[in-house]
Amino acid sequence: MLCGAANIAALSKRGVEVEFDPSFSIDLGEVEWLQFSYELPGSREEFFPPGLHPTTPVVVTLQLWRAMGSQLGDFGVAQLRLSCRAGMRIRAFLLQSVIDGEHAAKVLSRRYAYIPTPGAVSIHRRSDRIEGQVNVDERNVLHAALLKPEVLDVNGLQHIGNMNFALSNGTPQLLQIEPNITTLALHRGIQQLIHFDDRFWGIPGRTLKHSVIGASADIKLHLPPVRFVQDPSLPATGGTKKLDSH
Amino acid sequence: MKFGLFFELSVPRPLSRHNEQLAIFNAFEQARLADQLCFDHLWVVEHHFLEEYSHSSAPEVVLTAMAMQTERIRIGHGAVVCVPGINHPVRIAERCAMLDILSKGRLEVATARSSTWTELGGFGGSPDITKASWDEYVHAIPQMWMQDSFSWEGVTFSMPERNVIPKPYQDPHPPLWVAVTTPGTEMDAAERGMGCLGVSAGSFASQEQTVKRYRQAVRNCRPVGKLINSQVAGMNFMYCHEDRKQAAAVGLEMVRNFNYLNTHQLWSREVYPTSAYRTLGNLAPGKGAKAPDDPRVDKGVPEGVTIGNPADLIAAIKMWEGTGVDSINFVLNAVETIRQKDVLESLSLFAREVMPAFKLPAKAAGEAA
């Protein structure tokens, strides 16, 4: 089996310190969801901890959320994830994220190990396209567009849960994030990557040229408590621990 | 009850030319022995770019060579991918006809549409049109075999009048099958008068339902060719050893490795929103289905797996027989988990101790055929 080969000490340097609360969940309400996906060129093992298996090929998903009136207020999230497997489960490994909204950043990082890089995340619907932009320190790190979006049956979208790298009292962990998502509307279209800062997103030197497909959706998003954590140095079958849920 | 072998040609890491060649030549040795032991079928899959899981990207070449090294066993595409960019339908018809001639009428042709992004994306294929292209291919190919002048105007391919040659050895044409991975696909097979080639191991209950639905529907089929193939084949893993514990220790490791690799395919639906694929892959639900999100659960061993001593296998196959399947095709190894010597001994033991419970003696079977 192909396994990740990233150095866990190196991953830990940017690991988010989390506090587990088995009773904590959060309703994020209706969320605008926009995703661009490309195949990752070149080698792949170095991006994943040894406990995860990269897929062949690895697909990069750039996913943007904009939430209005949620329990966390108005906020946005942008994340870059890489397709992988934890044991036999389909997952995406979080490499970088930007959270637009101070309160949301605090909660999503502390409870779910999203990386709380502050920035501006926007989704703009135009007559012939849907554009997504992410700015960090007033510098654009992502600008992409979904062109001529066409309506698709809502059952056509498969949501894939994250594996987020975290530190719990200094100990490296992978959190299994299992959002409950209801898709209310779905569009799909040709994607155009106008600007992508490969270094910022954690894949320096990689040019995203082999397109998969772009999609946008209106979803209802609920983040339940984290139930499972995995030792990133071990396969999921032997390295996973269930968190108490009393 | 008929028995067959199902070859994925999986190769263990580290991927090397040596490991690749070893897996391929071991499969050939198994095929030759199976022919001598009076197994009925051997099937070779078609997959592309699926490292470790299947290095069987040129099944027509493998099948031709296996046909030349065997005498009586039927040889099958299990299954040929009916997607533009991967196979043009004329090339499928041409290759299959030639292989049918070279094997003196021993060819079976199963068809499929591919479900991984690894394969479809690699050839620039669109997941949205694979069902349509498969449907066109299975209607067109039998006509290519039977007509001296064939033309087609379709959605996924068109061509002017040509005589597609050679014509197959079997008259009117080889039996046609559909690779069935998910519930519902058996109806696609039944409606077209094509056999149902199970390529995932399911439960007895689900298999029984599949067979029932298929048998009802095939009665009213509109066959795509001139021949109705109403056979249902199941798939299973097989490791037979006199010592039940030894069989389980060796055989279940193979099942786990196969299932683990199977779930590592990059399914089209996972990365490409589409209504054309309703499920991700073809791994059957196993014991872990009650806790699908728990990564600690090993859901690798489906019920009814044919691993054990001869008595265990007879009991399991009787159960499968009860579901109404006509044949079972066995996966004998995965990523060379089992030593070749043990695979061959398992095959021989099966033929000696298990097969007689379901088949006529070899000579009589040959005469009956």
# chains A, B, ... in the order shown; residues from 1 in each chain; ligands from 1

$ interface_residues --of "chain A" --to "chain B" --cutoff "9 Å" --atoms "only C-alpha atoms" --output "number ranges by chain"
A: 1-2, 37, 53-59, 61, 83-90, 152-160, 178, 186-188, 212-215, 227-228, 230, 236-242

$ select_by_dssp --residues "region 61-164 of chain B" --states "strand (DSSP E)" --output "number ranges by chain"
B: 74-81, 107-112, 150-153, 158-162

$ write_last_selection --atoms "C-alpha atoms" --output "short mmCIF file (atom, residue, chain, number, x, y, z; two decimals), in the first residue's frame"
data_model
loop_
_atom_site.label_atom_id
_atom_site.label_comp_id
_atom_site.auth_asym_id
_atom_site.auth_seq_id
_atom_site.Cartn_x
_atom_site.Cartn_y
_atom_site.Cartn_z
CA ARG B 74 -13.63 -20.89 -21.68
CA ILE B 75 -11.89 -17.53 -21.65
CA GLY B 76 -13.61 -14.27 -20.80
CA HIS B 77 -13.17 -10.54 -20.94
CA GLY B 78 -14.21 -9.68 -17.43
CA ALA B 79 -14.94 -6.99 -18.56
CA VAL B 80 -14.02 -4.91 -21.58
CA VAL B 81 -14.45 -1.16 -20.94
CA LEU B 107 -14.68 -16.62 -25.80
CA GLU B 108 -17.12 -14.92 -23.43
CA VAL B 109 -17.41 -11.14 -23.60
CA ALA B 110 -18.42 -9.16 -20.54
CA THR B 111 -18.82 -5.41 -20.76
CA ALA B 112 -18.39 -2.56 -18.29
CA PHE B 150 -22.28 -2.13 -40.68
CA SER B 151 -22.86 1.55 -40.03
CA TRP B 152 -23.87 3.49 -36.95
CA GLU B 153 -25.08 6.96 -36.06
CA SER B 158 -20.74 7.12 -35.47
CA MET B 159 -19.24 5.42 -38.51
CA PRO B 160 -20.00 4.93 -42.20
CA GLU B 161 -20.62 1.52 -43.77
CA ARG B 162 -17.80 -0.94 -43.31
#

$ atom_distance --atom1 "CA of Asn333 (chain B)" --atom2 "CA of Met238 (chain B)"
8.2 Å

$ select_by_dssp --residues "region 106-204 of chain B" --states "helix (DSSP H, G or I)" --output "PyMOL selection string"
chain B and resi 117-122+127-146+185-191+204

$ residues_around --residues "region 56-73 of chain B" --least-positions-apart "4" --cutoff "9 Å" --atoms "only C-alpha atoms" --output "number ranges by chain"
B: 4, 7-10, 24, 28, 31-36, 38-50, 77-80, 95-96, 99, 102-104, 106, 366

$ write_last_selection --atoms "N, CA and C atoms" --output "tab-separated table (two decimals), in the first residue's frame"
chain	number	residue	atom	x	y	z
B	4	GLY	N	-15.16	-20.88	-12.06
B	4	GLY	CA	-14.19	-20.15	-12.86
B	4	GLY	C	-13.17	-19.42	-12.01
B	7	PHE	N	-9.11	-13.13	-12.70
B	7	PHE	CA	-7.76	-12.58	-12.57
B	7	PHE	C	-7.76	-11.05	-12.61
B	8	GLU	N	-7.26	-10.45	-11.53
B	8	GLU	CA	-7.08	-9.00	-11.49
B	8	GLU	C	-5.64	-8.62	-11.86
B	9	LEU	N	-4.73	-9.57	-11.72
B	9	LEU	CA	-3.29	-9.32	-11.91
B	9	LEU	C	-2.82	-8.19	-11.00
B	10	SER	N	-3.05	-8.39	-9.71
B	10	SER	CA	-2.61	-7.38	-8.74
B	10	SER	C	-1.14	-7.63	-8.39
B	24	ILE	N	2.05	-11.94	-13.19
B	24	ILE	CA	1.45	-12.31	-14.48
B	24	ILE	C	1.74	-13.78	-14.80
B	28	PHE	N	-0.73	-17.22	-15.21
B	28	PHE	CA	-0.72	-18.17	-16.34
B	28	PHE	C	-0.62	-19.61	-15.85
B	31	ALA	N	-3.91	-20.63	-14.58
B	31	ALA	CA	-4.86	-20.85	-15.68
B	31	ALA	C	-4.65	-22.22	-16.31
B	32	ARG	N	-3.40	-22.58	-16.52
B	32	ARG	CA	-3.10	-23.90	-17.13
B	32	ARG	C	-3.59	-25.03	-16.23
B	33	LEU	N	-3.34	-24.88	-14.92
B	33	LEU	CA	-3.78	-25.92	-14.00
B	33	LEU	C	-5.31	-25.99	-13.96
B	34	ALA	N	-5.94	-24.84	-13.93
B	34	ALA	CA	-7.41	-24.81	-13.89
B	34	ALA	C	-8.00	-25.51	-15.11
B	35	ASP	N	-7.36	-25.35	-16.23
B	35	ASP	CA	-7.80	-26.01	-17.47
B	35	ASP	C	-7.72	-27.53	-17.29
B	36	GLN	N	-6.61	-27.99	-16.75
B	36	GLN	CA	-6.44	-29.44	-16.53
B	36	GLN	C	-7.43	-29.98	-15.49
B	38	CYS	N	-10.41	-29.02	-15.00
B	38	CYS	CA	-11.79	-28.92	-15.48
B	38	CYS	C	-12.59	-27.77	-14.87
B	39	PHE	N	-11.92	-26.69	-14.51
B	39	PHE	CA	-12.66	-25.46	-14.23
B	39	PHE	C	-13.28	-25.00	-15.55
B	40	ASP	N	-14.36	-24.25	-15.46
B	40	ASP	CA	-15.12	-23.92	-16.67
B	40	ASP	C	-14.70	-22.62	-17.35
B	41	HIS	N	-14.37	-21.61	-16.52
B	41	HIS	CA	-14.09	-20.29	-17.08
B	41	HIS	C	-12.83	-19.69	-16.49
B	42	LEU	N	-12.19	-18.84	-17.24
B	42	LEU	CA	-11.26	-17.90	-16.64
B	42	LEU	C	-11.59	-16.52	-17.20
B	43	TRP	N	-11.59	-15.56	-16.31
B	43	TRP	CA	-11.94	-14.18	-16.67
B	43	TRP	C	-10.75	-13.28	-16.37
B	44	VAL	N	-10.49	-12.36	-17.25
B	44	VAL	CA	-9.41	-11.39	-17.03
B	44	VAL	C	-10.01	-9.99	-17.10
B	45	VAL	N	-9.74	-9.20	-16.07
B	45	VAL	CA	-10.33	-7.86	-15.98
B	45	VAL	C	-9.63	-6.89	-16.94
B	46	GLU	N	-10.23	-5.75	-17.15
B	46	GLU	CA	-9.54	-4.64	-17.82
B	46	GLU	C	-9.53	-3.44	-16.88
B	47	HIS	N	-8.35	-3.04	-16.49
B	47	HIS	CA	-8.19	-1.82	-15.68
B	47	HIS	C	-6.97	-1.08	-16.19
B	48	HIS	N	-6.96	0.21	-15.94
B	48	HIS	CA	-5.82	1.03	-16.38
B	48	HIS	C	-5.35	1.90	-15.22
B	49	PHE	N	-4.07	1.96	-15.04
B	49	PHE	CA	-3.42	2.87	-14.07
B	49	PHE	C	-3.69	2.51	-12.60
B	50	LEU	N	-4.33	1.39	-12.34
B	50	LEU	CA	-4.68	1.06	-10.95
B	50	LEU	C	-3.52	0.31	-10.30
B	77	HIS	N	-13.45	-11.94	-21.29
B	77	HIS	CA	-13.17	-10.54	-20.94
B	77	HIS	C	-14.03	-10.24	-19.72
B	78	GLY	N	-13.39	-9.86	-18.63
B	78	GLY	CA	-14.21	-9.68	-17.43
B	78	GLY	C	-14.03	-8.34	-16.73
B	79	ALA	N	-14.17	-7.19	-17.37
B	79	ALA	CA	-14.94	-6.99	-18.56
B	79	ALA	C	-14.25	-5.93	-19.41
B	80	VAL	N	-14.61	-5.89	-20.69
B	80	VAL	CA	-14.02	-4.91	-21.58
B	80	VAL	C	-14.72	-3.55	-21.36
B	95	ARG	N	-11.01	-7.41	-32.14
B	95	ARG	CA	-10.14	-8.20	-31.25
B	95	ARG	C	-10.86	-9.43	-30.72
B	96	CYS	N	-12.13	-9.23	-30.33
B	96	CYS	CA	-12.88	-10.36	-29.77
B	96	CYS	C	-13.11	-11.44	-30.83
B	99	LEU	N	-9.90	-13.32	-31.29
B	99	LEU	CA	-9.64	-14.16	-30.12
B	99	LEU	C	-10.58	-15.37	-30.10
B	102	LEU	N	-9.07	-17.79	-32.59
B	102	LEU	CA	-7.85	-18.41	-32.09
B	102	LEU	C	-8.12	-19.41	-30.95
B	103	SER	N	-9.15	-19.13	-30.17
B	103	SER	CA	-9.48	-20.04	-29.06
B	103	SER	C	-10.48	-21.11	-29.49
B	104	LYS	N	-10.81	-21.12	-30.78
B	104	LYS	CA	-11.80	-22.06	-31.33
B	104	LYS	C	-13.13	-21.99	-30.59
B	106	ARG	N	-14.07	-20.28	-27.73
B	106	ARG	CA	-14.15	-20.36	-26.26
B	106	ARG	C	-14.34	-19.01	-25.60
B	366	GLY	N	-16.90	-33.55	-19.95
B	366	GLY	CA	-16.38	-33.25	-21.28
B	366	GLY	C	-17.29	-33.80	-22.37

$ closest_residue --among "A:Gln173, A:Ser216, A:Ser168, A:Thr182" --to "Glu32 (chain A)" --atoms "only C-alpha atoms"
A:Ser216

$ closest_residue --among "A:Arg66, A:Lys148, A:Arg125, A:Arg14" --to "Gly189 (chain A)" --atoms "only C-alpha atoms"
A:Lys148

$ residues_around --residues "Val121 (chain A)" --least-positions-apart "4" --cutoff "10 Å" --atoms "only C-alpha atoms" --output "list in words"
Leu64, Trp65, Arg66, Phe75, Gly76, Val77, Ala78, Val98, Ile99, Asp100, Gly101, Gly132, Gln133, Val134, Asn135, Val136 and Leu142 of chain A

$ write_last_selection --atoms "N, CA and C atoms" --output "PDB file, in the first residue's frame"
ATOM      1  N   LEU A  64     -14.497  26.500  -0.812  1.00  0.00           N
ATOM      2  CA  LEU A  64     -14.837  27.764  -0.157  1.00  0.00           C
ATOM      3  C   LEU A  64     -16.241  27.671   0.431  1.00  0.00           C
ATOM      4  N   TRP A  65     -16.400  28.197   1.665  1.00  0.00           N
ATOM      5  CA  TRP A  65     -17.723  28.293   2.279  1.00  0.00           C
ATOM      6  C   TRP A  65     -17.994  29.763   2.603  1.00  0.00           C
ATOM      7  N   ARG A  66     -19.241  30.140   2.461  1.00  0.00           N
ATOM      8  CA  ARG A  66     -19.700  31.427   3.016  1.00  0.00           C
ATOM      9  C   ARG A  66     -20.977  31.145   3.778  1.00  0.00           C
ATOM     10  N   PHE A  75     -19.467  34.188   8.329  1.00  0.00           N
ATOM     11  CA  PHE A  75     -18.042  33.868   8.219  1.00  0.00           C
ATOM     12  C   PHE A  75     -17.772  33.149   6.903  1.00  0.00           C
ATOM     13  N   GLY A  76     -16.495  33.022   6.573  1.00  0.00           N
ATOM     14  CA  GLY A  76     -16.095  32.275   5.386  1.00  0.00           C
ATOM     15  C   GLY A  76     -14.933  31.346   5.707  1.00  0.00           C
ATOM     16  N   VAL A  77     -14.848  30.266   4.959  1.00  0.00           N
ATOM     17  CA  VAL A  77     -13.735  29.320   5.092  1.00  0.00           C
ATOM     18  C   VAL A  77     -13.229  28.989   3.698  1.00  0.00           C
ATOM     19  N   ALA A  78     -11.931  28.917   3.545  1.00  0.00           N
ATOM     20  CA  ALA A  78     -11.339  28.380   2.317  1.00  0.00           C
ATOM     21  C   ALA A  78     -10.347  27.306   2.744  1.00  0.00           C
ATOM     22  N   VAL A  98      -8.074  29.026   5.428  1.00  0.00           N
ATOM     23  CA  VAL A  98      -8.209  30.447   5.765  1.00  0.00           C
ATOM     24  C   VAL A  98      -9.610  30.615   6.342  1.00  0.00           C
ATOM     25  N   ILE A  99      -9.688  31.314   7.475  1.00  0.00           N
ATOM     26  CA  ILE A  99     -11.009  31.525   8.074  1.00  0.00           C
ATOM     27  C   ILE A  99     -11.263  33.023   8.193  1.00  0.00           C
ATOM     28  N   ASP A 100     -12.366  33.424   7.610  1.00  0.00           N
ATOM     29  CA  ASP A 100     -12.764  34.831   7.537  1.00  0.00           C
ATOM     30  C   ASP A 100     -13.818  35.070   8.611  1.00  0.00           C
ATOM     31  N   GLY A 101     -13.385  35.534   9.765  1.00  0.00           N
ATOM     32  CA  GLY A 101     -14.301  35.728  10.893  1.00  0.00           C
ATOM     33  C   GLY A 101     -13.606  35.250  12.153  1.00  0.00           C
ATOM     34  N   GLY A 132     -14.652  32.770  -6.932  1.00  0.00           N
ATOM     35  CA  GLY A 132     -14.190  32.647  -5.562  1.00  0.00           C
ATOM     36  C   GLY A 132     -12.852  33.335  -5.400  1.00  0.00           C
ATOM     37  N   GLN A 133     -12.708  34.072  -4.314  1.00  0.00           N
ATOM     38  CA  GLN A 133     -11.428  34.770  -4.073  1.00  0.00           C
ATOM     39  C   GLN A 133     -11.041  34.620  -2.620  1.00  0.00           C
ATOM     40  N   VAL A 134      -9.741  34.482  -2.392  1.00  0.00           N
ATOM     41  CA  VAL A 134      -9.215  34.439  -1.035  1.00  0.00           C
ATOM     42  C   VAL A 134      -8.028  35.384  -0.958  1.00  0.00           C
ATOM     43  N   ASN A 135      -8.093  36.301   0.001  1.00  0.00           N
ATOM     44  CA  ASN A 135      -6.990  37.231   0.218  1.00  0.00           C
ATOM     45  C   ASN A 135      -6.460  37.070   1.647  1.00  0.00           C
ATOM     46  N   VAL A 136      -5.156  37.062   1.765  1.00  0.00           N
ATOM     47  CA  VAL A 136      -4.507  36.964   3.074  1.00  0.00           C
ATOM     48  C   VAL A 136      -3.507  38.111   3.175  1.00  0.00           C
ATOM     49  N   LEU A 142      -5.869  33.117  -3.911  1.00  0.00           N
ATOM     50  CA  LEU A 142      -6.694  32.275  -4.785  1.00  0.00           C
ATOM     51  C   LEU A 142      -7.734  33.136  -5.494  1.00  0.00           C
TER      52      LEU A 142
END

$ closest_residue --among "B:Ser230, B:Ser327, B:Gln209, B:Ser54" --to "Phe258 (chain B)" --atoms "only C-alpha atoms"
B:Ser54

$ atom_distance --atom1 "CA of Pro127 (chain B)" --atom2 "CA of Ile177 (chain A)"
27.7 Å

$ closest_residue --among "A:Arg91, A:Arg111, A:Phe20, A:Asp74" --to "Gly161 (chain A)" --atoms "only C-alpha atoms"
A:Arg91

$ residues_around --residues "Thr207 (chain A)" --least-positions-apart "4" --cutoff "10 Å" --atoms "only C-alpha atoms" --output "PyMOL selection string"
chain A and resi 38-42+196-198+203

$ atom_distance --atom1 "CA of Leu72 (chain A)" --atom2 "CA of Leu223 (chain A)"
11.9 Å
